[in-house]
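Report on the structure given below.
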Number of protein chains: 2
Amino acid sequence: MDRPRRGRKHLIAMVGLPARGKTFTARKLVGYLSWLGYPTQAFNVGEHRRVTHGPGQSHQYFDPANREAAKQRAGIAEEALDEACRWLRGAGRIAVYDATNSTRERRQSIAERVEAEDFELLFIEIVNDDPAIIEANLRETKLRSPDYEGVPEAQALADFRKRIAHYENAYQTLEEDEGAWVRLRNRGAQVVINRVYGYIVGRVVFFLSNLQVSNRPVWLTRHGQSVYNLHGRIGGDASLSAQGAEYALSLAAHVREVFSPEAHLDVWTSTLRRTVLTAEPLGLQTGSWRALDEIHAGVCEGMTYEEVERSMPGEFEARRRDKLEYRYPRGESYLDVINRIDRVLIELERYRTPVLVVTHRAVLRAMVAYFKQLPIEETPHLEMPLHTIIKLTPTAYGCLEERVPLPPRVEG
Amino acid sequence: MDRPRRGRKHLIAMVGLPARGKTFTARKLVGYLSWLGYPTQAFNVGEHRRVTHGPGQSHQYFDPANREAAKQRAGIAEEALDEACRWLRGAGRIAVYDATNSTRERRQSIAERVEAEDFELLFIEIVNDDPAIIEANLRETKLRSPDYEGVPEAQALADFRKRIAHYENAYQTLEEDEGAWVRLRNRGAQVVINRVYGYIVGRVVFFLSNLQVSNRPVWLTRHGQSVYNLHGRIGGDASLSAQGAEYALSLAAHVREVFSPEAHLDVWTSTLRRTVLTAEPLGLQTGSWRALDEIHAGVCEGMTYEEVERSMPGEFEARRRDKLEYRYPRGESYLDVINRIDRVLIELERYRTPVLVVTHRAVLRAMVAYFKQLPIEETPHLEMPLHTIIKLTPTAYGCLEERVPLPPRVEG
């Protein structure tokens, strides 16, 4: 039932005070679901407000006593919701409605709207009662918002705190009778799941409950050059070439330079020989995941691309046309790979010690696409050279990529 | 990292008043984890008590004011915990400690013990505030307990309610600072997850939060005979034979007899031709799951068993010796199949309309082993004839199996 482009439509509505991490969570979610192939988009009320009424509104604008502004704000919230619904009626599958939605009344009105449209509704509430987290969030994201461009930091902070206070007075946490919802407290330390049933929302909840906000980098590499690489053959379970074995040594040397033994680096490989052998000289405890195995080329395993083109021109052409969805006969497509490495990525998201993943080209493409939130269509075409270590560092709204080529240099 | 027999050891301790469904949940969990390959066992304090002090103790025995009995009960609880720890020190990987553990003090003492042993601890609390559910649970399970053998129902009920009352007075729900725990309220309507990190507990929580207590049956069948079946070939993506196509028709006729159109039967197939064609005459909305595809025979796809024996005697012999863990080169093992259909089964557990699954022999074996909680070693050897529909109905502590052979009769 991996039919991301068909099926029931979902509106996911965020709930929470300003600066609790709603937008961060919404973006992670949009990234994850898009990566799984579900057409997903965020609809952010703050951005709508800035487009319609300009940035730089002071906290007075958010005071409920300010009738005129309150009316304007309600109008903008409604517009963003309209847009989300319009998109869902069309090509969209999942819309993430990123607004405070902080009163029961507001949520009730969303629920009625969503029911009339025959979409499914899920609320995600972000609660934070750790002042240090809120403070960090304020400084990391809000002060860089277009709302405070050119405003001195102290002044901006004071204004934003007043903006939060306006919402705090009216804030109502989700209650049991408000349908399907998830509450994430203090960055995942506690998760409450209320009346959540169904496949997609199940995946959303599993992802969210494992999501940690961290800036811990991840290290990735392909295996060293294999004998199959040398002959241009697809798939298989070949050993390393002489140059591949050399890469295993230079990888180990590089890792020893970068990580102290106290870093407790964990090394994950696939179950295939070429990744296990590449990790061997590291001498570290390794886990081997079947989910990290290379894309399965089915009946084409062991062939060269030229042989495929010659003996199965139809397959060759189908793959050329749509490398993302094309599935080798009795093999896999890139979408299949994405779905099976999902679990590894969720595990990586919550892992607490640094991890080096030694895997294969197609898997690496899918992993990099996830972390960098690249459009799904680009996944099968990303450059992933052999004998290169990739370091990905998550930042507030993105991911920094560094590539270090290691000797020996080889083709492919 | 699917290394079920190695790695950190886990003690899962149940928490909850009597008759809340702790034992039901513990059994489901043991069944699920064993099926995934983790050596798992439940340690039930009630059974210990009955073995040591005999069944048939009246509620006075559970009165905290009854000092002598309280001492005895504490001793028994300790014995069961000892046994669980002993087992974990040996072959066990996960022990489920099935007791009320209803005070903070008791849980603190378990935590200290588990820490000293260097196991990981997870509490699972079952809370129920719906009197109808408690009543149903009482009648379905407790009245059949050896404690009330030969006792008239009304008397047994009255006694058990008093037993519950003894615990209720002292009951303390789990608090945030009690480490990793999950609270399941009102049969999964609400789930709270507190400080849960890590792979195995993650899987446990995902399973539990989707677990519903239902007696809804599931229907399963293999595809109709395929052209490959006819020639004894493994794997592949062949079409149906003439007899297989006939089975598709008799399956459709049978389903129309059993289900009214209002039943909203859902039909799930694999992505392979032979299951899709088998489901076709049903004319019902079907979902096709890649996770339901037949075990992948890797380099042996398309061969007969005789050909495998002749050309790869080593592989043939390895598979004969351990059919469960044997993995075809570039293919799958039964354990791999179990791990990939995990998600489908969790989805089935919470599905609300009836489902007919049309799949393949190895997958069917794994599914039946899950529902019937059979020892994992038996999985690869279960009889799964062609042209047979299997109905599995969950009961309080097991699963009822009915098999209906449908025409035409064929071999295999």
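Lettering and numbering for the structure tokens are positional, with chains as A, B, ... in the shown order, residues counted from 1 in each chain, and ligands counted from 1 in the shown order.
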Please produce, as JSON lines, a per-residue contact table for segment 155-256 of chain A versus segment 338-359 of chain B (criterion: any atom at most 8 Å away, only C-alpha atoms considered), showing the nearest atom pair and its distance in Å to one decimal, sorted by chain then residue number.
```
{"residue": "A:Tyr197", "atom": "CA", "partner": "B:Arg350", "partner_atom": "CA", "distance": 7.2}
{"residue": "A:Gly198", "atom": "CA", "partner": "B:Tyr351", "partner_atom": "CA", "distance": 7.5}
{"residue": "A:Tyr199", "atom": "CA", "partner": "B:Glu347", "partner_atom": "CA", "distance": 6.8}
```
Could you give me, as number ranges by chain, the residues within 9 Å of Gly21 of chain B, counting only C-alpha atoms and dropping anything in the same chain fewer than 5 positions from it? B: 16, 26, 126-128, 134, 137, 187
With all heavy atoms retained, could you export that selection as a PDB file, in the first residue's frame?
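The resulting file, part_8.pdb, is shown below:
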```pdb
ATOM      1  N   GLY B  16      -0.125  -2.147  36.647  1.00  0.00           N
ATOM      2  CA  GLY B  16      -1.566  -1.944  36.506  1.00  0.00           C
ATOM      3  C   GLY B  16      -2.367  -2.728  37.518  1.00  0.00           C
ATOM      4  O   GLY B  16      -1.884  -3.728  38.057  1.00  0.00           O
ATOM      5  N   ALA B  26       0.974  -8.670  27.860  1.00  0.00           N
ATOM      6  CA  ALA B  26       2.267  -9.340  28.013  1.00  0.00           C
ATOM      7  C   ALA B  26       2.374 -10.507  27.031  1.00  0.00           C
ATOM      8  O   ALA B  26       3.405 -10.704  26.388  1.00  0.00           O
ATOM      9  CB  ALA B  26       2.438  -9.830  29.448  1.00  0.00           C
ATOM     10  N   ILE B 126      -0.936  -0.348  32.143  1.00  0.00           N
ATOM     11  CA  ILE B 126      -2.241  -0.488  31.495  1.00  0.00           C
ATOM     12  C   ILE B 126      -3.268   0.173  32.398  1.00  0.00           C
ATOM     13  O   ILE B 126      -3.459  -0.241  33.541  1.00  0.00           O
ATOM     14  CB  ILE B 126      -2.630  -1.970  31.314  1.00  0.00           C
ATOM     15  CG1 ILE B 126      -1.450  -2.794  30.819  1.00  0.00           C
ATOM     16  CG2 ILE B 126      -3.834  -2.106  30.422  1.00  0.00           C
ATOM     17  CD1 ILE B 126      -1.165  -2.698  29.374  1.00  0.00           C
ATOM     18  N   VAL B 127      -3.901   1.203  31.866  1.00  0.00           N
ATOM     19  CA  VAL B 127      -4.892   1.936  32.648  1.00  0.00           C
ATOM     20  C   VAL B 127      -6.234   1.818  31.950  1.00  0.00           C
ATOM     21  O   VAL B 127      -6.305   1.877  30.725  1.00  0.00           O
ATOM     22  CB  VAL B 127      -4.497   3.433  32.750  1.00  0.00           C
ATOM     23  CG1 VAL B 127      -5.583   4.216  33.463  1.00  0.00           C
ATOM     24  CG2 VAL B 127      -3.176   3.579  33.474  1.00  0.00           C
ATOM     25  N   ASN B 128      -7.242   1.617  32.753  1.00  0.00           N
ATOM     26  CA  ASN B 128      -8.562   1.493  32.181  1.00  0.00           C
ATOM     27  C   ASN B 128      -9.546   2.219  33.056  1.00  0.00           C
ATOM     28  O   ASN B 128      -9.681   1.888  34.223  1.00  0.00           O
ATOM     29  CB  ASN B 128      -8.945   0.012  32.100  1.00  0.00           C
ATOM     30  CG  ASN B 128      -9.278  -0.355  30.690  1.00  0.00           C
ATOM     31  OD1 ASN B 128     -10.011   0.386  30.045  1.00  0.00           O
ATOM     32  ND2 ASN B 128      -8.702  -1.438  30.199  1.00  0.00           N
ATOM     33  N   ILE B 134     -13.485  -3.124  31.918  1.00  0.00           N
ATOM     34  CA  ILE B 134     -13.019  -3.884  33.079  1.00  0.00           C
ATOM     35  C   ILE B 134     -13.948  -5.074  33.339  1.00  0.00           C
ATOM     36  O   ILE B 134     -13.493  -6.199  33.573  1.00  0.00           O
ATOM     37  CB  ILE B 134     -12.955  -2.984  34.327  1.00  0.00           C
ATOM     38  CG1 ILE B 134     -11.974  -1.835  34.067  1.00  0.00           C
ATOM     39  CG2 ILE B 134     -12.537  -3.773  35.560  1.00  0.00           C
ATOM     40  CD1 ILE B 134     -12.008  -0.751  35.117  1.00  0.00           C
ATOM     41  N   ASN B 137     -13.413  -7.747  30.780  1.00  0.00           N
ATOM     42  CA  ASN B 137     -12.142  -8.401  31.058  1.00  0.00           C
ATOM     43  C   ASN B 137     -12.274  -9.370  32.233  1.00  0.00           C
ATOM     44  O   ASN B 137     -11.791 -10.508  32.176  1.00  0.00           O
ATOM     45  CB  ASN B 137     -11.100  -7.321  31.384  1.00  0.00           C
ATOM     46  CG  ASN B 137      -9.689  -7.796  31.115  1.00  0.00           C
ATOM     47  OD1 ASN B 137      -9.454  -8.995  31.039  1.00  0.00           O
ATOM     48  ND2 ASN B 137      -8.765  -6.873  30.980  1.00  0.00           N
ATOM     49  N   ARG B 187      -7.603   0.614  26.113  1.00  0.00           N
ATOM     50  CA  ARG B 187      -7.327  -0.185  24.911  1.00  0.00           C
ATOM     51  C   ARG B 187      -6.747   0.625  23.771  1.00  0.00           C
ATOM     52  O   ARG B 187      -7.250   0.590  22.636  1.00  0.00           O
ATOM     53  CB  ARG B 187      -8.609  -0.880  24.441  1.00  0.00           C
ATOM     54  CG  ARG B 187      -9.099  -1.893  25.465  1.00  0.00           C
ATOM     55  CD  ARG B 187     -10.131  -2.806  24.892  1.00  0.00           C
ATOM     56  NE  ARG B 187     -10.354  -3.936  25.793  1.00  0.00           N
ATOM     57  CZ  ARG B 187     -11.363  -4.786  25.704  1.00  0.00           C
ATOM     58  NH1 ARG B 187     -12.251  -4.644  24.742  1.00  0.00           N
ATOM     59  NH2 ARG B 187     -11.485  -5.775  26.532  1.00  0.00           N
TER      60      ARG B 187
END
```
At a cut-off of 10 Å, using only C-alpha atoms, what residues contact Ala111 of chain B? Leave out same-chain residues fewer than 4 positions from it and give the result as a tab-separated table (two decimals) with N, CA, C and O atoms, in the first residue's frame.
```tsv
chain	number	residue	atom	x	y	z
B	11	LEU	N	14.42	-5.90	30.52
B	11	LEU	CA	13.33	-6.32	31.38
B	11	LEU	C	12.17	-5.37	31.16
B	11	LEU	O	12.30	-4.15	31.31
B	13	ALA	N	8.59	-4.49	32.56
B	13	ALA	CA	7.76	-4.75	33.74
B	13	ALA	C	6.38	-4.15	33.54
B	13	ALA	O	6.24	-2.96	33.22
B	105	GLU	N	7.34	2.63	45.12
B	105	GLU	CA	8.39	1.99	45.89
B	105	GLU	C	8.80	0.65	45.25
B	105	GLU	O	9.98	0.35	45.08
B	106	ARG	N	7.79	-0.13	44.88
B	106	ARG	CA	8.07	-1.42	44.24
B	106	ARG	C	8.84	-1.22	42.93
B	106	ARG	O	9.80	-1.91	42.64
B	107	ARG	N	8.41	-0.25	42.17
B	107	ARG	CA	9.07	-0.01	40.87
B	107	ARG	C	10.49	0.48	41.08
B	107	ARG	O	11.40	0.11	40.34
B	115	GLU	N	19.23	-2.21	37.24
B	115	GLU	CA	20.45	-1.44	37.00
B	115	GLU	C	21.68	-2.24	37.45
B	115	GLU	O	22.70	-2.28	36.76
B	116	ALA	N	21.56	-2.87	38.60
B	116	ALA	CA	22.68	-3.68	39.11
B	116	ALA	C	23.03	-4.80	38.13
B	116	ALA	O	24.19	-5.17	37.97
B	117	GLU	N	22.00	-5.32	37.46
B	117	GLU	CA	22.24	-6.43	36.52
B	117	GLU	C	22.68	-5.91	35.15
B	117	GLU	O	22.97	-6.70	34.26
B	119	PHE	N	20.75	-4.54	32.88
B	119	PHE	CA	19.72	-4.72	31.84
B	119	PHE	C	19.07	-3.36	31.58
B	119	PHE	O	19.29	-2.41	32.33
B	120	GLU	N	18.26	-3.30	30.52
B	120	GLU	CA	17.47	-2.08	30.32
B	120	GLU	C	16.04	-2.31	30.78
B	120	GLU	O	15.50	-3.40	30.61
B	121	LEU	N	15.45	-1.27	31.34
B	121	LEU	CA	14.13	-1.41	31.95
B	121	LEU	C	13.10	-0.58	31.20
B	121	LEU	O	13.36	0.55	30.80
B	122	LEU	N	11.95	-1.17	30.99
B	122	LEU	CA	10.81	-0.44	30.41
B	122	LEU	C	9.57	-0.84	31.19
B	122	LEU	O	9.30	-2.04	31.36
B	123	PHE	N	8.81	0.13	31.67
B	123	PHE	CA	7.52	-0.17	32.30
B	123	PHE	C	6.41	0.00	31.27
B	123	PHE	O	6.43	0.92	30.46
B	178	GLU	N	10.18	8.41	36.38
B	178	GLU	CA	10.42	6.98	36.59
B	178	GLU	C	11.05	6.29	35.37
B	178	GLU	O	10.86	5.10	35.15
B	179	GLY	N	11.77	7.07	34.58
B	179	GLY	CA	12.52	6.45	33.48
B	179	GLY	C	11.67	6.17	32.26
B	179	GLY	O	10.71	6.89	31.97
```
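As for atom CA of Arg222 of chain A and atom CA of Glu309 of chain A, they are spaced 25.5 Å apart.
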Would you pick out the contacts of Ala245 of chain B at 8 Å or less, using only C-alpha atoms, so that residues sharing its chain but fewer than 2 positions from it are not included, and give the list as a CSV table (one decimal) with all heavy atoms, in the first residue's frame?
```csv
chain,number,residue,atom,x,y,z
B,224,GLY,N,-3.5,-18.5,-6.7
B,224,GLY,CA,-3.8,-19.7,-7.5
B,224,GLY,C,-2.5,-20.3,-8.1
B,224,GLY,O,-1.5,-19.6,-8.2
B,225,GLN,N,-2.6,-21.5,-8.4
B,225,GLN,CA,-1.4,-22.2,-9.0
B,225,GLN,C,-0.8,-21.3,-10.2
B,225,GLN,O,-1.5,-20.9,-11.0
B,225,GLN,CB,-1.8,-23.5,-9.5
B,225,GLN,CG,-0.6,-24.4,-10.0
B,225,GLN,CD,-1.1,-25.6,-10.7
B,225,GLN,OE1,-1.8,-25.6,-11.7
B,225,GLN,NE2,-0.7,-26.8,-10.2
B,240,LEU,N,-0.8,-17.1,-13.8
B,240,LEU,CA,-1.5,-18.2,-13.3
B,240,LEU,C,-1.6,-19.3,-14.3
B,240,LEU,O,-1.7,-19.1,-15.5
B,240,LEU,CB,-2.9,-17.8,-12.9
B,240,LEU,CG,-3.0,-16.8,-11.7
B,240,LEU,CD1,-4.5,-16.5,-11.4
B,240,LEU,CD2,-2.3,-17.3,-10.5
B,241,SER,N,-1.6,-20.6,-13.9
B,241,SER,CA,-1.9,-21.7,-14.8
B,241,SER,C,-3.4,-21.7,-15.0
B,241,SER,O,-4.1,-20.9,-14.4
B,241,SER,CB,-1.5,-23.0,-14.1
B,241,SER,OG,-2.3,-23.3,-13.1
B,242,ALA,N,-3.9,-22.5,-15.9
B,242,ALA,CA,-5.3,-22.6,-16.1
B,242,ALA,C,-6.1,-23.0,-14.8
B,242,ALA,O,-7.1,-22.4,-14.5
B,242,ALA,CB,-5.6,-23.7,-17.2
B,243,GLN,N,-5.5,-23.9,-14.1
B,243,GLN,CA,-6.1,-24.3,-12.8
B,243,GLN,C,-6.1,-23.1,-11.8
B,243,GLN,O,-7.0,-22.9,-11.0
B,243,GLN,CB,-5.4,-25.5,-12.3
B,243,GLN,CG,-5.6,-26.7,-13.2
B,243,GLN,CD,-5.5,-28.0,-12.5
B,243,GLN,OE1,-4.5,-28.4,-12.1
B,243,GLN,NE2,-6.7,-28.6,-12.4
B,247,TYR,N,-9.1,-21.2,-9.8
B,247,TYR,CA,-9.1,-21.0,-8.3
B,247,TYR,C,-9.5,-19.5,-8.0
B,247,TYR,O,-10.3,-19.3,-7.1
B,247,TYR,CB,-7.8,-21.3,-7.6
B,247,TYR,CG,-7.7,-20.8,-6.2
B,247,TYR,CD1,-8.5,-21.5,-5.2
B,247,TYR,CD2,-7.0,-19.8,-5.8
B,247,TYR,CE1,-8.5,-21.1,-3.9
B,247,TYR,CE2,-6.9,-19.4,-4.4
B,247,TYR,CZ,-7.7,-20.0,-3.5
B,247,TYR,OH,-7.7,-19.7,-2.2
B,248,ALA,N,-9.0,-18.6,-8.9
B,248,ALA,CA,-9.3,-17.2,-8.7
B,248,ALA,C,-10.9,-17.0,-8.8
B,248,ALA,O,-11.5,-16.3,-8.0
B,248,ALA,CB,-8.7,-16.3,-9.7
B,249,LEU,N,-11.5,-17.8,-9.7
B,249,LEU,CA,-13.0,-17.7,-9.8
B,249,LEU,C,-13.7,-18.3,-8.6
B,249,LEU,O,-14.6,-17.8,-8.1
B,249,LEU,CB,-13.4,-18.4,-11.1
B,249,LEU,CG,-12.9,-17.7,-12.4
B,249,LEU,CD1,-13.3,-18.5,-13.6
B,249,LEU,CD2,-13.5,-16.3,-12.5
B,277,LEU,N,-3.5,-11.4,-10.0
B,277,LEU,CA,-4.5,-12.1,-10.9
B,277,LEU,C,-5.5,-12.9,-10.1
B,277,LEU,O,-6.6,-13.0,-10.5
B,277,LEU,CB,-3.7,-13.0,-11.9
B,277,LEU,CG,-2.9,-12.2,-13.0
B,277,LEU,CD1,-2.0,-13.2,-13.8
B,277,LEU,CD2,-3.9,-11.4,-13.9
B,278,THR,N,-5.0,-13.5,-9.0
B,278,THR,CA,-5.9,-14.3,-8.1
B,278,THR,C,-7.0,-13.4,-7.5
B,278,THR,O,-8.1,-13.8,-7.3
B,278,THR,CB,-5.1,-15.0,-7.0
B,278,THR,OG1,-4.1,-15.8,-7.6
B,278,THR,CG2,-6.0,-15.8,-6.1
```
Among the residues B:Ala42, B:Ala165, B:Ala156, B:Ala279, the one that comes closest to Phe24 of chain B [using only C-alpha atoms]: B:Ala42
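Selecting chain B residues within 7 Å of chain A and counting only C-alpha atoms yields Met1, Asp2, Ala189, Gln190, Val191, Val192, Ile193, Asn194, Arg195, Tyr199, Phe206, Gly236, Gly287, Ser288, Trp289, Arg330 and Glu347 of chain B.
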Run DSSP on the backbone and give me the residues of segment 20-224 of chain B it puts in strand (DSSP E or B), as a VMD selection string. chain B and resid 40 to 44 94 to 98 120 to 127 181 to 185 190 to 194 218 to 222
Calculate how many Å separate atom CA of Thr100 of chain A from atom CA of Asp63 of chain A, rounding to one decimal. 14.0 Å
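Take atom CA of Phe259 of chain A and atom CA of Lys391 of chain A: the distance between them is 12.9 Å.
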I'd like the neighbourhood of Ile94 of chain B as a ChimeraX atom specification, where a residue qualifies if any of its atoms comes within 12 Å (using only C-alpha atoms), though same-chain residues fewer than 3 positions away should be ignored. /B:4-13,26,29-34,36-43,84-91,97,119-122,200-201,204
